[in-house]
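Quick look at target39.cif (mmCIF, C-alpha atoms):
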```cif
data_model
#
loop_
_atom_site.label_atom_id
_atom_site.label_comp_id
_atom_site.auth_asym_id
_atom_site.auth_seq_id
_atom_site.Cartn_x
_atom_site.Cartn_y
_atom_site.Cartn_z
CA MET A 66 -6.44 21.84 -4.93
CA THR A 67 -7.80 25.26 -5.52
CA ALA A 68 -5.84 28.48 -5.43
CA ASN A 69 -7.66 29.56 -2.24
CA ASN A 70 -6.53 26.41 -0.46
CA PRO A 71 -3.94 27.16 2.25
CA MET A 72 -2.17 23.90 1.39
CA VAL A 73 -1.21 25.32 -2.00
CA SER A 74 0.81 28.09 -0.38
CA LEU A 75 2.31 25.65 2.13
CA LEU A 76 3.54 23.44 -0.69
CA THR A 77 4.67 26.18 -3.04
CA ASP A 78 6.43 28.15 -0.29
CA ASN A 79 8.33 25.03 0.83
CA LYS A 80 9.38 23.47 -2.48
CA LEU A 81 11.26 20.20 -2.39
CA ASN A 82 14.95 20.79 -3.00
CA GLY A 83 16.32 17.51 -1.65
CA ALA A 84 17.60 18.70 1.69
CA ASN A 85 14.06 19.27 2.99
CA PHE A 86 12.60 15.93 1.83
CA ILE A 87 11.29 14.80 5.22
CA LYS A 88 9.41 18.05 5.86
CA TRP A 89 8.18 18.17 2.25
CA ARG A 90 6.84 14.61 2.53
CA GLU A 91 5.00 15.58 5.72
CA ASN A 92 3.47 18.58 3.93
CA ILE A 93 2.41 16.44 0.96
CA ASN A 94 0.79 13.93 3.30
CA ILE A 95 -1.06 16.73 5.12
CA ALA A 96 -2.25 18.18 1.80
CA LEU A 97 -3.43 14.77 0.58
CA ILE A 98 -5.22 14.09 3.86
CA GLY A 99 -6.94 17.46 3.54
CA GLU A 100 -8.11 16.52 0.05
CA ASN A 101 -9.12 12.96 1.07
CA SER A 102 -6.48 11.75 -1.38
CA LEU A 103 -3.84 10.04 0.76
CA PHE A 104 -5.05 6.65 -0.45
CA VAL A 105 -3.22 7.15 -3.77
CA LEU A 106 0.06 6.80 -1.87
CA THR A 107 -1.08 3.89 0.30
CA GLU A 108 -3.25 1.79 -2.04
CA GLU A 109 -2.20 0.15 -5.26
CA ALA A 110 -3.66 1.55 -8.44
CA PRO A 111 -6.60 -0.49 -9.62
CA GLU A 112 -6.17 -2.39 -12.87
CA GLN A 113 -7.55 -0.85 -16.05
CA PRO A 114 -11.10 -2.24 -16.18
CA CYS A 115 -12.16 -4.26 -19.18
CA GLU A 116 -15.04 -3.22 -21.43
CA ASN A 117 -17.61 -5.36 -19.62
CA ALA A 118 -16.52 -4.38 -16.10
CA THR A 119 -19.17 -3.23 -13.67
CA LYS A 120 -19.93 0.43 -13.20
CA THR A 121 -18.49 0.25 -9.67
CA VAL A 122 -15.16 -1.11 -10.93
CA LYS A 123 -14.95 1.55 -13.62
CA GLU A 124 -15.81 4.33 -11.14
CA LYS A 125 -13.18 3.10 -8.68
CA PHE A 126 -10.55 3.15 -11.43
CA GLU A 127 -11.59 6.61 -12.64
CA ARG A 128 -11.63 8.01 -9.10
CA TRP A 129 -8.13 6.68 -8.41
CA GLN A 130 -6.86 8.13 -11.71
CA ASN A 131 -8.43 11.53 -11.03
CA VAL A 132 -7.12 11.71 -7.47
CA ASN A 133 -3.68 10.50 -8.63
CA ASN A 134 -3.56 13.30 -11.21
CA LYS A 135 -4.45 15.93 -8.59
CA ALA A 136 -1.90 14.53 -6.13
CA ARG A 137 0.73 14.35 -8.87
CA TYR A 138 0.02 17.99 -9.73
CA SER A 139 0.48 18.95 -6.06
CA MET A 140 3.73 17.02 -5.81
CA LEU A 141 5.21 18.38 -9.03
CA SER A 142 4.17 21.96 -8.37
CA SER A 143 5.90 21.82 -4.99
CA MET A 144 9.32 20.81 -6.37
CA VAL A 145 12.23 22.88 -7.62
CA ASP A 146 12.44 22.96 -11.41
CA THR A 147 15.16 20.30 -11.77
CA LEU A 148 13.14 17.74 -9.80
CA LYS A 149 9.91 18.77 -11.51
CA THR A 150 11.51 18.11 -14.90
CA ARG A 151 12.89 14.78 -13.73
CA PHE A 152 9.51 13.47 -12.54
CA ALA A 153 7.18 15.17 -15.04
CA ASN A 154 6.69 11.95 -17.01
CA THR A 155 6.25 9.69 -13.99
CA LEU A 156 2.62 8.63 -14.09
CA THR A 157 1.74 7.72 -10.52
CA THR A 158 2.30 9.40 -7.20
CA PRO A 159 3.60 6.20 -5.54
CA GLU A 160 6.29 5.97 -8.23
CA ILE A 161 7.31 9.58 -7.63
CA MET A 162 7.40 9.11 -3.85
CA ASN A 163 9.37 5.86 -4.11
CA HIS A 164 12.00 7.46 -6.36
CA LEU A 165 12.24 10.51 -4.09
CA THR A 166 12.61 8.27 -1.05
CA GLU A 167 15.45 6.43 -2.78
CA LEU A 168 17.12 9.75 -3.61
CA PHE A 169 16.59 11.71 -0.42
CA GLY A 170 14.88 9.59 2.20
CA MET A 171 17.83 7.64 3.46
CA VAL A 172 18.64 8.42 7.03
CA SER A 173 21.46 10.89 7.09
CA ILE A 174 23.93 9.81 9.76
CA GLN A 175 25.28 13.34 10.06
CA ALA A 176 21.83 14.95 10.30
CA CYS A 177 20.79 12.35 12.86
CA PHE A 178 23.95 13.00 14.89
CA GLU A 179 23.48 16.79 14.81
CA ALA A 180 19.82 16.62 15.80
CA THR A 181 20.53 14.19 18.63
CA LYS A 182 23.45 16.34 19.82
CA ASN A 183 21.22 19.44 19.86
CA PHE A 184 18.60 17.57 21.88
CA ILE A 185 21.04 16.15 24.41
CA ASN A 186 23.07 19.36 24.85
CA ALA A 187 20.13 21.76 25.10
CA ARG A 188 20.17 23.72 28.33
CA MET A 189 17.72 26.25 29.65
CA ARG A 190 19.17 29.76 29.60
CA PRO A 191 18.85 31.96 32.68
CA HIS A 192 15.50 33.76 32.77
CA GLN A 193 14.25 31.76 29.78
CA ASN A 194 10.56 31.01 29.72
CA VAL A 195 9.99 27.31 30.58
CA ARG A 196 7.39 26.99 27.84
CA ASP A 197 9.84 28.30 25.23
CA HIS A 198 12.51 25.88 26.44
CA LEU A 199 10.11 22.94 26.27
CA LEU A 200 9.01 23.92 22.77
CA GLN A 201 12.65 24.08 21.68
CA MET A 202 13.35 20.68 23.27
CA THR A 203 10.31 19.23 21.52
CA SER A 204 11.56 20.65 18.22
CA TYR A 205 15.01 19.06 18.73
CA PHE A 206 13.41 15.77 19.73
CA GLN A 207 11.16 15.74 16.65
CA GLU A 208 14.01 16.62 14.32
CA ALA A 209 16.16 13.84 15.75
CA GLU A 210 13.34 11.32 15.28
CA ASN A 211 12.69 12.59 11.74
CA HIS A 212 16.28 11.71 10.89
CA GLY A 213 15.95 8.22 12.31
CA ALA A 214 17.20 8.67 15.86
CA VAL A 215 15.68 6.54 18.56
CA ILE A 216 15.53 8.52 21.77
CA ASP A 217 15.24 6.14 24.68
CA GLN A 218 16.30 6.17 28.33
CA THR A 219 19.86 5.18 27.40
CA THR A 220 20.17 8.11 25.02
#
```

Just dump the structure as structure tokens.
Amino acid sequence: MTANNPMVSLLTDNKLNGANFIKWRENINIALIGENSLFVLTEEAPEQPCENATKTVKEKFERWQNVNNKARYSMLSSMVDTLKTRFANTLTTPEIMNHLTELFGMVSIQACFEATKNFINARMRPHQNVRDHLLQMTSYFQEAENHGAVIDQTT
């Protein structure tokens, strides 16, 4: 990603600190989609080609490696220093994301409860703009879902 890319500022202004893992992961996915690089998180790394491999096989491997390095750079540069140091020697983006998911991606029961409570207890204030209220409700709803809540008719 180049310095003029708006994704760079999005990632560096919202560095992963642990508490913001879900939002950070969304931002990383958006950045990788914008760079046509999301496949490094969703596809397995190709095997190191042998000497007599076809040009296509070698190019596929090289492309994956190059894109992985760019994605890894984006991920590491958008972390606080302690996390950056911890994952600096991790070679692939899927490894980094898997470790981060183990550390921070577990559904927080408390966060889920708070988000669901905010959604359920939200009331429109007198003279409040309906659009603003609906945007706030949508925000609560999304936050609750991000923390693993299932909002159904019973809820």

State, in Å with one decimal place, the distance from atom CA of Val105 of chain A to atom CA of Thr150 of chain A.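 Spanning atom CA of Val105 of chain A to atom CA of Thr150 of chain A is a straight-line distance of 21.5 Å.
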
Rows by chain and residue number, segment 107-205 of chain A within 9 Å of segment 92-101 of chain A, shortest pair, only C-alpha atoms, as a Markdown table:
```
| residue | atom | partner | partner_atom | distance |
| --- | --- | --- | --- | --- |
| A:Val132 | CA | A:Asn101 | CA | 8.9 |
| A:Ala136 | CA | A:Leu97 | CA | 6.9 |
| A:Ser139 | CA | A:Ile93 | CA | 7.7 |
| A:Met140 | CA | A:Ile93 | CA | 6.9 |
| A:Ser143 | CA | A:Ile93 | CA | 8.7 |
```

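From atom CA of Phe104 of chain A back to atom CA of Phe126 of chain A, the distance works out to 12.8 Å.
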
Could you spell out the hits of the PyMOL selection byres ((chain A and resi 180) around 9) on the shown file, as number ranges by chain? A: 175-179, 181-185, 205-210, 212, 214

Go ahead and save the residues from that selection, with C-alpha atoms, as a PDB file, in the coordinates of the input.
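Okay, this is what ended up in again.pdb:
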```pdb
ATOM      1  CA  GLN A 175      25.280  13.340  10.060  1.00  0.00           C
ATOM      2  CA  ALA A 176      21.830  14.950  10.300  1.00  0.00           C
ATOM      3  CA  CYS A 177      20.790  12.350  12.860  1.00  0.00           C
ATOM      4  CA  PHE A 178      23.950  13.000  14.890  1.00  0.00           C
ATOM      5  CA  GLU A 179      23.480  16.790  14.810  1.00  0.00           C
ATOM      6  CA  THR A 181      20.530  14.190  18.630  1.00  0.00           C
ATOM      7  CA  LYS A 182      23.450  16.340  19.820  1.00  0.00           C
ATOM      8  CA  ASN A 183      21.220  19.440  19.860  1.00  0.00           C
ATOM      9  CA  PHE A 184      18.600  17.570  21.880  1.00  0.00           C
ATOM     10  CA  ILE A 185      21.040  16.150  24.410  1.00  0.00           C
ATOM     11  CA  TYR A 205      15.010  19.060  18.730  1.00  0.00           C
ATOM     12  CA  PHE A 206      13.410  15.770  19.730  1.00  0.00           C
ATOM     13  CA  GLN A 207      11.160  15.740  16.650  1.00  0.00           C
ATOM     14  CA  GLU A 208      14.010  16.620  14.320  1.00  0.00           C
ATOM     15  CA  ALA A 209      16.160  13.840  15.750  1.00  0.00           C
ATOM     16  CA  GLU A 210      13.340  11.320  15.280  1.00  0.00           C
ATOM     17  CA  HIS A 212      16.280  11.710  10.890  1.00  0.00           C
ATOM     18  CA  ALA A 214      17.200   8.670  15.860  1.00  0.00           C
TER      19      ALA A 214
END
```

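Remark: for Ala153 of chain A, the closest of the candidate residues A:Asn134, A:Leu168, A:Ser204, A:Lys80 is A:Asn134 (distances computed over only C-alpha atoms).
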
Could you write segment 131-142 of chain A as a PDB file, keeping the file's coordinate frame, with all heavy atoms rebuilt where they are missing?
```
ATOM      1  N   ASN A 131      -8.208  10.102 -11.240  1.00  0.00           N
ATOM      2  CA  ASN A 131      -8.430  11.530 -11.030  1.00  0.00           C
ATOM      3  C   ASN A 131      -7.695  12.041  -9.796  1.00  0.00           C
ATOM      4  O   ASN A 131      -7.049  13.096  -9.830  1.00  0.00           O
ATOM      5  CB  ASN A 131      -9.922  11.841 -10.913  1.00  0.00           C
ATOM      6  CG  ASN A 131     -10.641  11.684 -12.234  1.00  0.00           C
ATOM      7  OD1 ASN A 131     -10.042  11.783 -13.292  1.00  0.00           O
ATOM      8  ND2 ASN A 131     -11.935  11.434 -12.170  1.00  0.00           N
ATOM      9  N   VAL A 132      -7.792  11.301  -8.704  1.00  0.00           N
ATOM     10  CA  VAL A 132      -7.120  11.710  -7.470  1.00  0.00           C
ATOM     11  C   VAL A 132      -5.608  11.635  -7.656  1.00  0.00           C
ATOM     12  O   VAL A 132      -4.868  12.508  -7.193  1.00  0.00           O
ATOM     13  CB  VAL A 132      -7.610  10.864  -6.275  1.00  0.00           C
ATOM     14  CG1 VAL A 132      -6.766  11.105  -5.045  1.00  0.00           C
ATOM     15  CG2 VAL A 132      -9.075  11.153  -5.995  1.00  0.00           C
ATOM     16  N   ASN A 133      -5.114  10.618  -8.351  1.00  0.00           N
ATOM     17  CA  ASN A 133      -3.680  10.500  -8.630  1.00  0.00           C
ATOM     18  C   ASN A 133      -3.197  11.711  -9.412  1.00  0.00           C
ATOM     19  O   ASN A 133      -2.142  12.265  -9.109  1.00  0.00           O
ATOM     20  CB  ASN A 133      -3.393   9.211  -9.406  1.00  0.00           C
ATOM     21  CG  ASN A 133      -1.924   9.079  -9.746  1.00  0.00           C
ATOM     22  OD1 ASN A 133      -1.083   8.906  -8.882  1.00  0.00           O
ATOM     23  ND2 ASN A 133      -1.626   9.194 -11.031  1.00  0.00           N
ATOM     24  N   ASN A 134      -3.968  12.136 -10.414  1.00  0.00           N
ATOM     25  CA  ASN A 134      -3.560  13.300 -11.210  1.00  0.00           C
ATOM     26  C   ASN A 134      -3.498  14.561 -10.363  1.00  0.00           C
ATOM     27  O   ASN A 134      -2.569  15.365 -10.491  1.00  0.00           O
ATOM     28  CB  ASN A 134      -4.510  13.495 -12.398  1.00  0.00           C
ATOM     29  CG  ASN A 134      -4.291  12.450 -13.465  1.00  0.00           C
ATOM     30  OD1 ASN A 134      -3.229  11.849 -13.566  1.00  0.00           O
ATOM     31  ND2 ASN A 134      -5.319  12.222 -14.271  1.00  0.00           N
ATOM     32  N   LYS A 135      -4.466  14.761  -9.472  1.00  0.00           N
ATOM     33  CA  LYS A 135      -4.450  15.930  -8.590  1.00  0.00           C
ATOM     34  C   LYS A 135      -3.261  15.866  -7.630  1.00  0.00           C
ATOM     35  O   LYS A 135      -2.579  16.868  -7.397  1.00  0.00           O
ATOM     36  CB  LYS A 135      -5.751  16.031  -7.809  1.00  0.00           C
ATOM     37  CG  LYS A 135      -6.928  16.440  -8.653  1.00  0.00           C
ATOM     38  CD  LYS A 135      -8.196  16.476  -7.818  1.00  0.00           C
ATOM     39  CE  LYS A 135      -9.407  16.759  -8.673  1.00  0.00           C
ATOM     40  NZ  LYS A 135     -10.658  16.678  -7.916  1.00  0.00           N
ATOM     41  N   ALA A 136      -3.021  14.691  -7.065  1.00  0.00           N
ATOM     42  CA  ALA A 136      -1.900  14.530  -6.130  1.00  0.00           C
ATOM     43  C   ALA A 136      -0.575  14.717  -6.860  1.00  0.00           C
ATOM     44  O   ALA A 136       0.355  15.350  -6.338  1.00  0.00           O
ATOM     45  CB  ALA A 136      -1.963  13.156  -5.470  1.00  0.00           C
ATOM     46  N   ARG A 137      -0.473  14.202  -8.057  1.00  0.00           N
ATOM     47  CA  ARG A 137       0.730  14.350  -8.870  1.00  0.00           C
ATOM     48  C   ARG A 137       0.984  15.828  -9.170  1.00  0.00           C
ATOM     49  O   ARG A 137       2.104  16.323  -9.069  1.00  0.00           O
ATOM     50  CB  ARG A 137       0.549  13.559 -10.172  1.00  0.00           C
ATOM     51  CG  ARG A 137       1.794  13.331 -10.942  1.00  0.00           C
ATOM     52  CD  ARG A 137       1.512  12.296 -12.045  1.00  0.00           C
ATOM     53  NE  ARG A 137       2.350  12.627 -13.150  1.00  0.00           N
ATOM     54  CZ  ARG A 137       1.968  13.277 -14.243  1.00  0.00           C
ATOM     55  NH1 ARG A 137       0.719  13.613 -14.407  1.00  0.00           N
ATOM     56  NH2 ARG A 137       2.820  13.566 -15.181  1.00  0.00           N
ATOM     57  N   TYR A 138      -0.083  16.556  -9.493  1.00  0.00           N
ATOM     58  CA  TYR A 138       0.020  17.990  -9.730  1.00  0.00           C
ATOM     59  C   TYR A 138       0.569  18.691  -8.471  1.00  0.00           C
ATOM     60  O   TYR A 138       1.463  19.536  -8.563  1.00  0.00           O
ATOM     61  CB  TYR A 138      -1.348  18.562 -10.112  1.00  0.00           C
ATOM     62  CG  TYR A 138      -1.451  20.053  -9.930  1.00  0.00           C
ATOM     63  CD1 TYR A 138      -0.898  20.924 -10.865  1.00  0.00           C
ATOM     64  CD2 TYR A 138      -2.081  20.599  -8.812  1.00  0.00           C
ATOM     65  CE1 TYR A 138      -0.983  22.301 -10.693  1.00  0.00           C
ATOM     66  CE2 TYR A 138      -2.164  21.967  -8.643  1.00  0.00           C
ATOM     67  CZ  TYR A 138      -1.617  22.807  -9.584  1.00  0.00           C
ATOM     68  OH  TYR A 138      -1.685  24.164  -9.401  1.00  0.00           O
ATOM     69  N   SER A 139       0.027  18.333  -7.314  1.00  0.00           N
ATOM     70  CA  SER A 139       0.480  18.950  -6.060  1.00  0.00           C
ATOM     71  C   SER A 139       1.943  18.657  -5.812  1.00  0.00           C
ATOM     72  O   SER A 139       2.706  19.537  -5.407  1.00  0.00           O
ATOM     73  CB  SER A 139      -0.351  18.437  -4.886  1.00  0.00           C
ATOM     74  OG  SER A 139      -1.686  18.806  -5.022  1.00  0.00           O
ATOM     75  N   MET A 140       2.334  17.402  -6.046  1.00  0.00           N
ATOM     76  CA  MET A 140       3.730  17.020  -5.810  1.00  0.00           C
ATOM     77  C   MET A 140       4.658  17.764  -6.766  1.00  0.00           C
ATOM     78  O   MET A 140       5.663  18.346  -6.334  1.00  0.00           O
ATOM     79  CB  MET A 140       3.886  15.504  -5.965  1.00  0.00           C
ATOM     80  CG  MET A 140       3.188  14.716  -4.874  1.00  0.00           C
ATOM     81  SD  MET A 140       3.178  12.942  -5.190  1.00  0.00           S
ATOM     82  CE  MET A 140       4.805  12.517  -4.579  1.00  0.00           C
ATOM     83  N   LEU A 141       4.335  17.740  -8.050  1.00  0.00           N
ATOM     84  CA  LEU A 141       5.210  18.380  -9.030  1.00  0.00           C
ATOM     85  C   LEU A 141       5.287  19.886  -8.856  1.00  0.00           C
ATOM     86  O   LEU A 141       6.358  20.480  -8.987  1.00  0.00           O
ATOM     87  CB  LEU A 141       4.748  18.034 -10.454  1.00  0.00           C
ATOM     88  CG  LEU A 141       4.922  16.584 -10.877  1.00  0.00           C
ATOM     89  CD1 LEU A 141       4.249  16.335 -12.212  1.00  0.00           C
ATOM     90  CD2 LEU A 141       6.388  16.188 -10.914  1.00  0.00           C
ATOM     91  N   SER A 142       4.159  20.509  -8.522  1.00  0.00           N
ATOM     92  CA  SER A 142       4.170  21.960  -8.370  1.00  0.00           C
ATOM     93  C   SER A 142       4.907  22.405  -7.113  1.00  0.00           C
ATOM     94  O   SER A 142       5.242  23.577  -6.980  1.00  0.00           O
ATOM     95  CB  SER A 142       2.739  22.514  -8.357  1.00  0.00           C
ATOM     96  OG  SER A 142       2.037  22.042  -7.234  1.00  0.00           O
TER      97      SER A 142
END
```
